[in-house]
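As stored in work-v9.csv (CSV, C-alpha atoms):
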chain,number,residue,atom,x,y,z
A,1,MET,CA,35.8,36.0,-36.2
A,2,ALA,CA,36.1,35.1,-39.9
A,3,TYR,CA,39.4,33.8,-41.3
A,4,LYS,CA,38.1,32.8,-44.7
A,5,ASN,CA,40.5,34.9,-46.8
A,6,GLU,CA,43.5,34.1,-44.6
A,7,ILE,CA,42.7,30.4,-44.9
A,8,VAL,CA,42.4,30.5,-48.7
A,9,GLU,CA,45.7,32.4,-49.0
A,10,LYS,CA,47.4,29.8,-46.7
A,11,MET,CA,46.1,27.0,-48.8
A,12,LYS,CA,47.7,28.6,-51.9
A,13,GLU,CA,50.9,29.1,-49.9
A,14,ILE,CA,51.0,25.4,-49.0
A,15,ILE,CA,51.0,24.5,-52.7
A,16,LEU,CA,53.4,27.2,-53.7
A,17,LEU,CA,56.0,26.2,-51.1
A,18,GLU,CA,56.0,22.6,-52.3
A,19,ASN,CA,58.7,21.2,-54.5
A,20,ILE,CA,56.4,19.9,-57.3
A,21,GLU,CA,56.0,20.6,-61.1
A,22,GLU,CA,54.9,24.1,-61.9
A,23,SER,CA,52.0,22.8,-64.0
A,24,PHE,CA,50.9,20.6,-61.1
A,25,LYS,CA,51.0,23.6,-58.8
A,26,THR,CA,48.8,25.5,-61.4
A,27,THR,CA,46.3,22.6,-61.4
A,28,LEU,CA,46.1,22.5,-57.6
A,29,LEU,CA,45.7,26.3,-57.3
A,30,SER,CA,43.0,26.2,-59.9
A,31,TYR,CA,41.1,23.6,-57.7
A,32,ILE,CA,41.5,25.9,-54.7
A,33,ASN,CA,40.2,28.7,-56.8
A,34,GLU,CA,37.2,26.7,-57.8
A,35,LYS,CA,36.0,26.7,-54.2
A,36,LYS,CA,37.3,30.1,-53.1
A,37,ASP,CA,33.8,31.6,-52.9
A,38,TYR,CA,32.6,28.9,-50.6
A,39,SER,CA,32.7,29.2,-46.8
A,40,MET,CA,35.8,27.8,-45.1
A,41,SER,CA,33.7,26.4,-42.3
A,42,PHE,CA,36.0,23.4,-41.6
A,43,GLY,CA,39.1,25.6,-41.2
A,44,GLU,CA,37.1,28.1,-39.2
A,45,LEU,CA,35.9,25.5,-36.8
A,46,CYS,CA,39.5,24.3,-36.3
A,47,VAL,CA,40.6,27.9,-35.5
A,48,LEU,CA,37.6,28.5,-33.3
A,49,HIS,CA,38.2,25.4,-31.1
A,50,TYR,CA,41.9,26.0,-30.8
A,51,GLN,CA,41.2,29.6,-29.6
A,52,ALA,CA,38.4,28.6,-27.3
A,53,PHE,CA,40.4,25.8,-25.5
A,54,LEU,CA,43.6,27.7,-25.3
A,55,GLN,CA,41.8,31.0,-24.5
A,56,GLN,CA,44.2,32.7,-26.8
A,57,LYS,CA,43.8,34.5,-30.1
A,58,ALA,CA,44.6,32.7,-33.3
A,59,ASP,CA,48.1,33.0,-34.7
A,60,GLU,CA,49.5,32.3,-38.1
A,61,ARG,CA,50.4,28.7,-37.2
A,62,ILE,CA,46.8,27.7,-36.6
A,63,ILE,CA,45.6,29.4,-39.7
A,64,PHE,CA,48.2,27.2,-41.6
A,65,VAL,CA,46.7,24.1,-40.0
A,66,ALA,CA,43.2,25.3,-40.8
A,67,ALA,CA,44.3,25.7,-44.4
A,68,ALA,CA,45.6,22.1,-44.3
A,69,VAL,CA,42.3,20.9,-43.0
A,70,GLU,CA,40.5,22.7,-45.9
A,71,LEU,CA,42.9,21.0,-48.3
A,72,LEU,CA,41.8,17.6,-46.9
A,73,ILE,CA,38.1,18.6,-47.2
A,74,LEU,CA,38.7,19.7,-50.8
A,75,SER,CA,40.3,16.4,-51.6
A,76,PHE,CA,37.3,14.5,-50.1
A,77,ASP,CA,34.9,16.7,-52.0
A,78,ILE,CA,36.8,15.9,-55.3
A,79,ILE,CA,36.6,12.2,-54.6
A,80,ASP,CA,32.9,12.5,-53.8
A,81,ASP,CA,32.2,14.4,-57.1
A,82,LEU,CA,34.2,11.8,-59.1
A,83,GLN,CA,32.3,8.9,-57.4
A,84,ASP,CA,28.9,10.5,-57.9
A,85,GLY,CA,29.6,11.8,-61.4
A,86,ASP,CA,27.0,14.5,-60.9
A,87,ALA,CA,29.1,17.7,-60.7
A,88,ASP,CA,30.6,20.1,-63.2
A,89,TYR,CA,33.7,21.3,-61.3
A,90,LEU,CA,37.1,21.6,-63.0
A,91,TRP,CA,38.3,18.3,-61.5
A,92,CYS,CA,35.5,16.4,-63.2
A,93,GLN,CA,36.9,17.4,-66.6
A,94,ASP,CA,40.1,15.3,-66.0
A,95,PRO,CA,39.6,12.7,-63.3
A,96,VAL,CA,43.1,11.1,-63.9
A,97,ILE,CA,44.8,14.4,-62.9
A,98,ALA,CA,42.2,15.0,-60.2
A,99,MET,CA,43.0,11.7,-58.5
A,100,ASN,CA,46.7,12.7,-58.5
A,101,ALA,CA,45.8,16.1,-57.0
A,102,VAL,CA,43.8,14.4,-54.3
A,103,LEU,CA,46.8,12.2,-53.3
A,104,ALA,CA,49.0,15.3,-53.1
A,105,MET,CA,46.4,17.2,-51.0
A,106,LEU,CA,46.1,14.3,-48.5
A,107,PHE,CA,49.9,14.1,-47.9
A,108,LEU,CA,50.2,17.8,-47.8
A,109,THR,CA,47.6,18.0,-45.0
A,110,VAL,CA,49.5,15.6,-42.8
A,111,LYS,CA,52.9,17.1,-43.7
A,112,CYS,CA,51.7,20.6,-42.7
A,113,ILE,CA,50.6,19.5,-39.3
A,114,GLN,CA,53.7,17.3,-38.8
A,115,GLU,CA,56.1,20.1,-39.7
A,116,SER,CA,54.3,22.7,-37.5
A,117,THR,CA,55.8,23.7,-34.2
A,118,PHE,CA,52.7,22.8,-32.1
A,119,PRO,CA,53.7,20.6,-29.1
A,120,TYR,CA,50.6,18.4,-29.6
A,121,ARG,CA,51.0,17.9,-33.4
A,122,ALA,CA,51.3,14.1,-33.1
A,123,GLN,CA,48.0,13.9,-31.2
A,124,ALA,CA,46.4,16.1,-33.9
A,125,ILE,CA,47.6,13.8,-36.6
A,126,GLN,CA,46.1,10.8,-34.7
A,127,VAL,CA,42.8,12.7,-34.6
A,128,LEU,CA,43.0,13.3,-38.3
A,129,TYR,CA,43.6,9.6,-39.1
A,130,ASN,CA,40.7,8.5,-36.8
A,131,PHE,CA,38.1,10.8,-38.1
A,132,ALA,CA,39.2,10.7,-41.7
A,133,LEU,CA,38.9,6.9,-41.7
A,134,LYS,CA,35.5,7.2,-40.0
A,135,SER,CA,34.3,9.5,-42.8
A,136,ILE,CA,35.8,7.3,-45.5
A,137,ASN,CA,33.9,4.4,-44.0
A,138,GLY,CA,30.7,6.5,-44.0
A,139,GLN,CA,31.3,7.4,-47.7
A,140,TYR,CA,31.6,3.6,-48.5
A,141,LEU,CA,28.2,3.0,-46.8
A,142,ASP,CA,26.7,5.9,-48.8
A,143,ILE,CA,28.0,4.6,-52.1
A,144,ARG,CA,26.5,1.2,-51.2
A,145,ASN,CA,23.2,2.9,-50.4
A,146,TYR,CA,23.4,1.4,-47.0
A,147,GLY,CA,21.1,3.9,-45.4
A,148,LYS,CA,17.8,2.2,-46.2
A,149,ASP,CA,16.0,3.3,-43.1
A,150,GLU,CA,16.1,6.2,-40.6
A,151,ALA,CA,18.6,4.5,-38.2
A,152,SER,CA,21.0,3.3,-40.8
A,153,TYR,CA,20.8,6.5,-42.8
A,154,LEU,CA,21.6,8.6,-39.7
A,155,LYS,CA,24.4,6.2,-38.7
A,156,MET,CA,25.9,6.6,-42.2
A,157,THR,CA,25.5,10.4,-42.1
A,158,GLU,CA,27.0,10.7,-38.7
A,159,ALA,CA,30.1,8.8,-40.0
A,160,LYS,CA,30.4,10.4,-43.4
A,161,SER,CA,29.5,14.1,-42.7
A,162,GLY,CA,29.7,14.3,-38.9
A,163,ALA,CA,33.2,12.9,-38.7
A,164,LEU,CA,34.5,15.6,-41.0
A,165,ILE,CA,33.2,18.3,-38.8
A,166,ALA,CA,34.5,16.4,-35.7
A,167,LEU,CA,37.9,16.1,-37.5
A,168,SER,CA,38.0,19.9,-38.0
A,169,SER,CA,36.9,20.9,-34.5
A,170,SER,CA,39.0,18.2,-32.8
A,171,ILE,CA,42.2,19.0,-34.6
A,172,GLY,CA,41.9,22.5,-33.1
A,173,VAL,CA,41.1,21.1,-29.6
A,174,SER,CA,43.9,18.6,-29.7
A,175,LEU,CA,46.5,21.2,-30.8
A,176,ALA,CA,45.4,23.3,-27.8
A,177,ILE,CA,45.1,20.6,-25.0
A,178,GLY,CA,46.7,17.5,-26.4
A,179,LYS,CA,43.5,15.4,-26.4
A,180,VAL,CA,40.0,15.3,-27.9
A,181,ASP,CA,36.9,16.5,-26.0
A,182,GLU,CA,33.9,14.2,-26.3
A,183,ARG,CA,31.4,17.0,-26.0
A,184,VAL,CA,33.0,18.7,-29.0
A,185,THR,CA,33.0,15.5,-30.9
A,186,GLU,CA,29.3,14.9,-30.1
A,187,TYR,CA,28.0,18.3,-31.1
A,188,SER,CA,30.3,18.4,-34.2
A,189,ILE,CA,28.8,15.2,-35.4
A,190,CYS,CA,25.3,16.8,-34.9
A,191,ILE,CA,26.4,19.8,-36.9
A,192,GLY,CA,27.5,17.5,-39.7
A,193,VAL,CA,24.2,15.7,-39.8
A,194,VAL,CA,22.2,19.0,-39.8
A,195,GLN,CA,24.3,20.3,-42.8
A,196,GLN,CA,23.9,16.9,-44.6
A,197,ILE,CA,20.1,16.9,-44.2
A,198,LEU,CA,19.9,20.5,-45.4
A,199,ASN,CA,22.0,19.4,-48.4
A,200,ASP,CA,19.7,16.5,-49.1
A,201,ILE,CA,16.6,18.7,-49.0
A,202,GLN,CA,18.3,21.3,-51.2
A,203,GLY,CA,19.3,18.5,-53.6
A,204,LEU,CA,15.7,17.5,-54.1
A,205,LYS,CA,14.6,21.0,-55.1
A,206,SER,CA,16.4,20.9,-58.4
A,207,TRP,CA,15.3,18.2,-60.9
A,208,GLU,CA,18.6,18.2,-62.8
A,209,LYS,CA,21.8,16.3,-62.6
A,210,LYS,CA,22.3,16.2,-58.8
A,211,ASN,CA,18.8,15.1,-57.8
A,212,ASP,CA,19.0,12.1,-55.4
A,213,LEU,CA,15.6,10.8,-56.4
A,214,LEU,CA,16.4,10.8,-60.2
A,215,ASN,CA,19.8,9.3,-59.4
A,216,ARG,CA,18.2,6.5,-57.3
A,217,LYS,CA,20.0,7.5,-54.2
A,218,LEU,CA,18.6,7.5,-50.7
A,219,SER,CA,18.1,10.4,-48.3
A,220,LEU,CA,15.6,11.0,-45.5
A,221,PRO,CA,12.7,12.4,-47.6
A,222,ILE,CA,13.0,9.4,-50.0
A,223,ILE,CA,13.2,6.9,-47.2
A,224,TYR,CA,10.0,8.4,-45.8
A,225,LEU,CA,8.2,8.1,-49.2
A,226,LEU,CA,9.4,4.5,-49.6
A,227,GLU,CA,7.9,3.6,-46.2
A,228,GLN,CA,4.4,4.8,-47.0
A,229,PRO,CA,1.5,2.4,-47.9
A,230,GLU,CA,0.6,4.6,-50.9
A,231,GLN,CA,0.7,4.0,-54.7
A,232,TYR,CA,3.6,6.5,-55.1
A,233,ALA,CA,5.8,4.3,-52.9
A,234,ASP,CA,5.2,1.3,-55.3
A,235,ILE,CA,6.2,3.5,-58.3
A,236,LEU,CA,9.3,4.7,-56.4
A,237,ARG,CA,10.3,1.2,-55.4
A,238,ASN,CA,10.0,0.0,-59.0
A,239,TYR,CA,12.1,3.0,-60.1
A,240,TYR,CA,14.8,2.3,-57.5
A,241,LYS,CA,14.8,-1.4,-58.5
A,242,GLY,CA,15.4,-0.4,-62.1
A,243,SER,CA,12.1,-2.0,-63.4
A,244,LYS,CA,10.8,1.4,-64.1
A,245,LYS,CA,13.1,3.6,-66.3
A,246,GLU,CA,11.6,7.0,-65.9
A,247,ILE,CA,9.7,8.9,-63.2
A,248,ASP,CA,7.1,11.7,-63.4
A,249,THR,CA,9.0,14.6,-61.9
A,250,THR,CA,5.9,16.9,-61.7
A,251,TYR,CA,4.0,14.3,-59.7
A,252,PHE,CA,6.9,13.6,-57.3
A,253,LYS,CA,7.6,17.3,-56.7
A,254,GLU,CA,4.0,17.5,-55.4
A,255,ILE,CA,4.3,14.2,-53.5
A,256,LEU,CA,7.5,15.4,-51.7
A,257,LEU,CA,5.7,18.5,-50.5
A,258,GLU,CA,2.3,17.0,-49.7
A,259,SER,CA,3.2,13.7,-48.2
A,260,GLY,CA,5.2,15.1,-45.3
A,261,ALA,CA,8.6,13.9,-46.6
A,262,ILE,CA,10.2,17.3,-46.3
A,263,ASN,CA,8.6,18.0,-42.9
A,264,TYR,CA,10.0,14.7,-41.8
A,265,ALA,CA,13.6,15.5,-42.9
A,266,LEU,CA,13.2,18.9,-41.3
A,267,ALA,CA,12.0,17.3,-38.0
A,268,ILE,CA,15.1,15.0,-37.8
A,269,LYS,CA,17.3,18.0,-38.7
A,270,ASN,CA,15.7,20.1,-35.9
A,271,ILE,CA,16.3,17.3,-33.4
A,272,TYR,CA,20.0,17.3,-34.2
A,273,GLN,CA,20.1,21.1,-34.3
A,274,TYR,CA,18.5,21.4,-30.8
A,275,LYS,CA,20.9,18.9,-29.4
A,276,ALA,CA,23.9,20.7,-30.8
A,277,LEU,CA,22.7,24.1,-29.7
A,278,HIS,CA,22.1,22.8,-26.2
A,279,MET,CA,25.5,21.2,-26.0
A,280,VAL,CA,27.3,24.3,-27.3
A,281,GLU,CA,25.4,26.5,-24.7
A,282,ALA,CA,26.8,24.3,-21.9
A,283,MET,CA,30.4,24.6,-23.1
A,284,PRO,CA,32.8,26.8,-21.0
A,285,PHE,CA,33.4,29.1,-24.0
A,286,SER,CA,33.2,32.9,-24.1
A,287,HIS,CA,29.9,34.4,-25.2
A,288,ALA,CA,31.5,35.5,-28.5
A,289,ASP,CA,32.8,32.0,-29.3
A,290,LYS,CA,29.5,30.4,-28.5
A,291,THR,CA,27.6,32.9,-30.7
A,292,TYR,CA,30.0,32.3,-33.5
A,293,LEU,CA,29.8,28.5,-33.1
A,294,LYS,CA,26.0,28.7,-33.2
A,295,THR,CA,26.2,30.3,-36.7
A,296,PHE,CA,27.3,26.9,-38.0
A,297,ILE,CA,24.2,25.2,-36.5
A,298,GLU,CA,21.4,27.7,-37.2
B,1,MET,CA,8.7,6.8,-34.9
B,2,VAL,CA,9.2,10.4,-36.1
B,3,SER,CA,8.0,9.5,-39.6
B,4,LYS,CA,4.8,8.0,-38.3
B,5,LEU,CA,4.1,11.1,-36.2
B,6,ILE,CA,4.7,13.4,-39.2
B,7,LYS,CA,2.4,11.2,-41.3
B,8,TYR,CA,-0.3,11.4,-38.6
B,9,LEU,CA,0.0,15.2,-38.3
B,10,LYS,CA,-0.1,15.6,-42.0
B,11,GLU,CA,-3.4,13.8,-42.0
B,12,ASN,CA,-4.7,15.7,-39.0
B,13,PRO,CA,-3.6,19.3,-39.5
B,14,GLN,CA,-5.8,20.6,-36.7
B,15,LEU,CA,-3.5,18.8,-34.3
B,16,VAL,CA,-0.5,20.8,-35.5
B,17,GLN,CA,-2.4,24.0,-34.6
B,18,LEU,CA,-3.0,22.6,-31.1
B,19,LEU,CA,0.7,21.6,-30.7
B,20,GLN,CA,1.8,25.1,-31.8
B,21,GLU,CA,-0.5,26.6,-29.2
B,22,ASP,CA,0.9,24.3,-26.6
B,23,LYS,CA,-2.6,22.8,-26.0
B,24,LEU,CA,-1.5,19.3,-26.9
B,25,SER,CA,1.5,17.1,-26.0
B,26,LEU,CA,2.9,14.2,-28.0
B,27,VAL,CA,3.2,11.0,-25.9
B,28,GLY,CA,6.5,9.1,-26.0
B,29,VAL,CA,8.7,11.9,-27.3
B,30,SER,CA,10.8,14.4,-25.4
B,31,LYS,CA,10.0,18.1,-25.1
B,32,TRP,CA,12.8,18.8,-27.6
B,33,GLU,CA,11.5,16.2,-30.1
B,34,GLN,CA,8.0,17.7,-29.8
B,35,GLN,CA,9.4,21.2,-30.5
B,36,ALA,CA,11.5,19.8,-33.4
B,37,ILE,CA,8.5,18.1,-35.0
B,38,THR,CA,6.1,21.1,-34.4
B,39,GLU,CA,8.6,23.5,-36.0
B,40,ALA,CA,9.1,21.2,-38.9
B,41,MET,CA,5.4,21.3,-39.6
B,42,LYS,CA,5.2,25.1,-39.9
B,43,GLY,CA,7.6,28.0,-40.8
B,44,PRO,CA,10.3,26.3,-42.9
B,45,MET,CA,7.8,24.6,-45.2
B,46,LYS,CA,6.6,27.9,-46.4
B,47,VAL,CA,10.1,28.9,-47.3
B,48,PHE,CA,10.7,25.6,-49.0
B,49,SER,CA,7.5,25.4,-50.8
B,50,TYR,CA,8.0,28.8,-52.4
B,51,SER,CA,11.1,27.8,-54.3
B,52,TRP,CA,10.0,24.2,-54.7
B,53,ARG,CA,7.1,25.3,-56.9
B,54,GLN,CA,9.3,27.4,-59.2
Please rewrite the model in this file as C-alpha cells.
Amino acid sequence: MAYKNEIVEKMKEIILLENIEESFKTTLLSYINEKKDYSMSFGELCVLHYQAFLQQKADERIIFVAAAVELLILSFDIIDDLQDGDADYLWCQDPVIAMNAVLAMLFLTVKCIQESTFPYRAQAIQVLYNFALKSINGQYLDIRNYGKDEASYLKMTEAKSGALIALSSSIGVSLAIGKVDERVTEYSICIGVVQQILNDIQGLKSWEKKNDLLNRKLSLPIIYLLEQPEQYADILRNYYKGSKKEIDTTYFKEILLESGAINYALAIKNIYQYKALHMVEAMPFSHADKTYLKTFIE
Amino acid sequence: MVSKLIKYLKENPQLVQLLQEDKLSLVGVSKWEQQAITEAMKGPMKVFSYSWRQ
C-alpha cells in the first residue's frame, strides 16, 4: 500500500478547485511541488487507519482527506521553517506570502473534511482541532527551549511531533468508526517521538545551518552533554548562555561520539520504538496492515 | 536514569559485551529498556560514526 502519488495529485486538485487568485494558486502549487519527493507518511497513516478500522479498501474520498492532512502538515512545516530561520525552501524566500499560504492551507484542510460525505466528518474535525492545538502547544514549548531535561524534552516532543502523527492516524480512525482509539493515539505518539529523535541525531551530523548545537537549541544528545561533570559541559553551558561566542566543532563532533550522547538518544529512541512495535503487534489489524504500519516505526 | 546507565556503560565497555551475550542484567530497568540500551550501544553507532567522521 502506497498512495504517495495519489495524495500529491489530490493536494494539487484541492488548490486548483478553489476560487482564489491564479498567482496564489501557482504559489501554493509550487510549495506542494517543493515537497513532492518527500514521503507522504501522514496522509498514508490516515488512509491506513481508515482501511484497517473499516476493513475496507481505500476509496477516492479518503485519499482526498489524506491530501488535506498533508496540506496541514505542509503548513506546519512552513511555520516551523519560518520560526527557525534555518531552511532554504521556497517559502523562506518570501515569508509574507508564505504566511498567507499557511492560512489558506489550514482553512482548506478543515473545508475538505467538512465538505466530504463521510458520516463522521464532524468527529474527524474535532480530532483535527484537538491534536493540532496539542502540536502547536508543543511547538511553543520547543521555541521556548522548554525541554531542558529528559522528561520535559520528551513531554515537548510527544506534544509537538507525536500529536501530528496521532492527528493523521486518528482522523482515519474517526472517519471509520466515529471516535478515536486510545491505543492508536498512544503508538502514534511513540512513532512521532522516534522520528523526532532520529531527526535530532541527523541534525547533529551536519555542521551547517541546521545544526541544533550551533543554533543553541536543545535535543537529547545535547541535554546529555550538558548533564555531564566534564569540562566540555562547562564550555557548552557558556556557549548556550551566550558568554561564549563560538564553539570548536571538531572537538564537539568527537565529544558527541565518544561521550555516549548519541548512544543515549538512540537508547531513548529504541524504548519508544519497542513500545510502538509491541502495541501495533497487539492491534486487531491484518498482517499486511501491521507490516505496513511497522515500516513507519523501524 | 538512562543517561547515567549509558555513561556507566561507556566507561565500562566490557559490561556491554556481557549484556549483549545475555550474561548480565541491568537492575531497575525493564527487559525492553535493557534491550533498547544494549542495542543503542552497538550496531547503530557504527552506521552513525561512519558518516559522522566524514
What's the 7 Å shell around Lys7 in chain B, counting only C-alpha atoms, without same-chain residues fewer than 4 positions away, as a PyMOL selection string?
(chain A and resi 260) or (chain B and resi 3+11)
Two-atom distance - CA of Lys160 in chain A, CA of Gln139 in chain A (Å)
5.3 Å
Could you give me, as a Markdown table, every chain B residue with an atom at most 7 Å from chain A, plus its closest atom pair and distance in Å to one decimal, counting all atoms listed in the file, rows ordered by chain then number?
| residue | atom | partner | partner_atom | distance |
| --- | --- | --- | --- | --- |
| B:Ser3 | CA | A:Tyr264 | CA | 6.0 |
| B:Ile6 | CA | A:Tyr264 | CA | 6.0 |
| B:Lys7 | CA | A:Gly260 | CA | 6.2 |
| B:Lys10 | CA | A:Gly260 | CA | 6.3 |
| B:Trp32 | CA | A:Ile271 | CA | 6.9 |
| B:Glu33 | CA | A:Ile271 | CA | 5.9 |
| B:Ala36 | CA | A:Asn270 | CA | 4.9 |
| B:Ile37 | CA | A:Ala267 | CA | 4.7 |
| B:Ala40 | CA | A:Ala267 | CA | 4.9 |
| B:Met41 | CA | A:Asn263 | CA | 5.7 |
| B:Trp52 | CA | A:Lys205 | CA | 5.6 |
List the residues sitting within 10 Å of (35.7, 17.5, -36.2) in the file's frame, using all atoms listed in the file, as a PyMOL selection string.
chain A and resi 42+45-46+49+127-128+131-132+161-173+180+184-189+191-192
Taking C-alpha atoms for each residue, export the selection above as a PDB file, in the frame of the given file.
ATOM      1  CA  PHE A  42      36.000  23.400 -41.600  1.00  0.00           C
ATOM      2  CA  LEU A  45      35.900  25.500 -36.800  1.00  0.00           C
ATOM      3  CA  CYS A  46      39.500  24.300 -36.300  1.00  0.00           C
ATOM      4  CA  HIS A  49      38.200  25.400 -31.100  1.00  0.00           C
ATOM      5  CA  VAL A 127      42.800  12.700 -34.600  1.00  0.00           C
ATOM      6  CA  LEU A 128      43.000  13.300 -38.300  1.00  0.00           C
ATOM      7  CA  PHE A 131      38.100  10.800 -38.100  1.00  0.00           C
ATOM      8  CA  ALA A 132      39.200  10.700 -41.700  1.00  0.00           C
ATOM      9  CA  SER A 161      29.500  14.100 -42.700  1.00  0.00           C
ATOM     10  CA  GLY A 162      29.700  14.300 -38.900  1.00  0.00           C
ATOM     11  CA  ALA A 163      33.200  12.900 -38.700  1.00  0.00           C
ATOM     12  CA  LEU A 164      34.500  15.600 -41.000  1.00  0.00           C
ATOM     13  CA  ILE A 165      33.200  18.300 -38.800  1.00  0.00           C
ATOM     14  CA  ALA A 166      34.500  16.400 -35.700  1.00  0.00           C
ATOM     15  CA  LEU A 167      37.900  16.100 -37.500  1.00  0.00           C
ATOM     16  CA  SER A 168      38.000  19.900 -38.000  1.00  0.00           C
ATOM     17  CA  SER A 169      36.900  20.900 -34.500  1.00  0.00           C
ATOM     18  CA  SER A 170      39.000  18.200 -32.800  1.00  0.00           C
ATOM     19  CA  ILE A 171      42.200  19.000 -34.600  1.00  0.00           C
ATOM     20  CA  GLY A 172      41.900  22.500 -33.100  1.00  0.00           C
ATOM     21  CA  VAL A 173      41.100  21.100 -29.600  1.00  0.00           C
ATOM     22  CA  VAL A 180      40.000  15.300 -27.900  1.00  0.00           C
ATOM     23  CA  VAL A 184      33.000  18.700 -29.000  1.00  0.00           C
ATOM     24  CA  THR A 185      33.000  15.500 -30.900  1.00  0.00           C
ATOM     25  CA  GLU A 186      29.300  14.900 -30.100  1.00  0.00           C
ATOM     26  CA  TYR A 187      28.000  18.300 -31.100  1.00  0.00           C
ATOM     27  CA  SER A 188      30.300  18.400 -34.200  1.00  0.00           C
ATOM     28  CA  ILE A 189      28.800  15.200 -35.400  1.00  0.00           C
ATOM     29  CA  ILE A 191      26.400  19.800 -36.900  1.00  0.00           C
ATOM     30  CA  GLY A 192      27.500  17.500 -39.700  1.00  0.00           C
TER      31      GLY A 192
END
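Straight-line separation from CA of Glu281 in chain A to CA of Arg183 in chain A: 11.3 Å.
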Give me the residues near Ala2 in chain A as a list in words, where near means some atom within 12 Å (using all atoms listed in the file) and where sequence neighbours in that chain fewer than 3 positions away do not count.
Asn5, Glu6, Ile7, Val8, Ser39, Met40, Ser41, Phe42, Gly43, Glu44, Leu45, Cys46, Val47, Leu48, Ala58, Ile63, Asp289, Tyr292, Leu293 and Thr295 of chain A
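Taking all atoms listed in the file into account, Met105 in chain A lies nearest to A:Phe76 out of the set A:Phe76, A:Tyr251, A:Tyr38, A:Tyr140.
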Just want the 9 Å neighbourhood of Gln34 in chain B, counted on only C-alpha atoms, with same-chain residues fewer than 5 positions away dropped. Output as an NGL selection string.
:B and (19 or 25-26 or 29 or 39)
Contacts of Leu29 in chain A at 10 Å or less, counting all atoms listed in the file, minus same-chain residues fewer than 3 places along, as a PyMOL selection string?
chain A and resi 11-16+23-26+32-34
Just C-alpha atoms for this one: save the residues we selected as a compact mmCIF listing (two decimals), keeping the file's coordinate frame.
# COMPACT_ATOMS: atom_id res chain seq x y z
CA MET A 11 46.10 27.00 -48.80
CA LYS A 12 47.70 28.60 -51.90
CA GLU A 13 50.90 29.10 -49.90
CA ILE A 14 51.00 25.40 -49.00
CA ILE A 15 51.00 24.50 -52.70
CA LEU A 16 53.40 27.20 -53.70
CA SER A 23 52.00 22.80 -64.00
CA PHE A 24 50.90 20.60 -61.10
CA LYS A 25 51.00 23.60 -58.80
CA THR A 26 48.80 25.50 -61.40
CA ILE A 32 41.50 25.90 -54.70
CA ASN A 33 40.20 28.70 -56.80
CA GLU A 34 37.20 26.70 -57.80
Could you complete range 32-43 of chain A so that it carries N, CA, C and O atoms, and give it back as an mmCIF file, in the frame of the given file?
data_model
loop_
_atom_site.group_PDB
_atom_site.id
_atom_site.type_symbol
_atom_site.label_atom_id
_atom_site.label_comp_id
_atom_site.auth_asym_id
_atom_site.auth_seq_id
_atom_site.Cartn_x
_atom_site.Cartn_y
_atom_site.Cartn_z
ATOM 1 N N ILE A 32 41.743 25.031 -55.876
ATOM 2 C CA ILE A 32 41.500 25.900 -54.700
ATOM 3 C C ILE A 32 40.592 27.053 -55.129
ATOM 4 O O ILE A 32 39.615 27.411 -54.465
ATOM 5 N N ASN A 33 40.952 27.612 -56.262
ATOM 6 C CA ASN A 33 40.200 28.700 -56.800
ATOM 7 C C ASN A 33 38.751 28.420 -57.080
ATOM 8 O O ASN A 33 37.862 29.250 -56.906
ATOM 9 N N GLU A 34 38.528 27.200 -57.505
ATOM 10 C CA GLU A 34 37.200 26.700 -57.800
ATOM 11 C C GLU A 34 36.245 26.835 -56.616
ATOM 12 O O GLU A 34 35.048 27.025 -56.751
ATOM 13 N N LYS A 35 36.809 26.700 -55.411
ATOM 14 C CA LYS A 35 36.000 26.700 -54.200
ATOM 15 C C LYS A 35 36.222 27.962 -53.346
ATOM 16 O O LYS A 35 35.784 28.007 -52.203
ATOM 17 N N LYS A 36 36.894 28.942 -53.926
ATOM 18 C CA LYS A 36 37.300 30.100 -53.100
ATOM 19 C C LYS A 36 36.085 30.930 -52.617
ATOM 20 O O LYS A 36 36.186 31.621 -51.604
ATOM 21 N N ASP A 37 34.965 30.843 -53.319
ATOM 22 C CA ASP A 37 33.800 31.600 -52.900
ATOM 23 C C ASP A 37 32.930 30.865 -51.875
ATOM 24 O O ASP A 37 31.945 31.401 -51.377
ATOM 25 N N TYR A 38 33.303 29.623 -51.582
ATOM 26 C CA TYR A 38 32.600 28.900 -50.600
ATOM 27 C C TYR A 38 33.065 29.250 -49.192
ATOM 28 O O TYR A 38 34.154 29.792 -49.047
ATOM 29 N N SER A 39 32.251 28.938 -48.179
ATOM 30 C CA SER A 39 32.700 29.200 -46.800
ATOM 31 C C SER A 39 33.863 28.280 -46.493
ATOM 32 O O SER A 39 33.981 27.216 -47.089
ATOM 33 N N MET A 40 34.715 28.684 -45.579
ATOM 34 C CA MET A 40 35.800 27.800 -45.100
ATOM 35 C C MET A 40 35.475 27.320 -43.736
ATOM 36 O O MET A 40 36.272 27.449 -42.797
ATOM 37 N N SER A 41 34.260 26.775 -43.591
ATOM 38 C CA SER A 41 33.700 26.400 -42.300
ATOM 39 C C SER A 41 34.592 25.404 -41.529
ATOM 40 O O SER A 41 34.726 25.488 -40.308
ATOM 41 N N PHE A 42 35.166 24.458 -42.266
ATOM 42 C CA PHE A 42 36.000 23.400 -41.600
ATOM 43 C C PHE A 42 37.216 24.031 -40.966
ATOM 44 O O PHE A 42 37.536 23.761 -39.810
ATOM 45 N N GLY A 43 37.869 24.874 -41.733
ATOM 46 C CA GLY A 43 39.100 25.600 -41.200
ATOM 47 C C GLY A 43 38.695 26.508 -40.086
ATOM 48 O O GLY A 43 39.398 26.590 -39.075
#
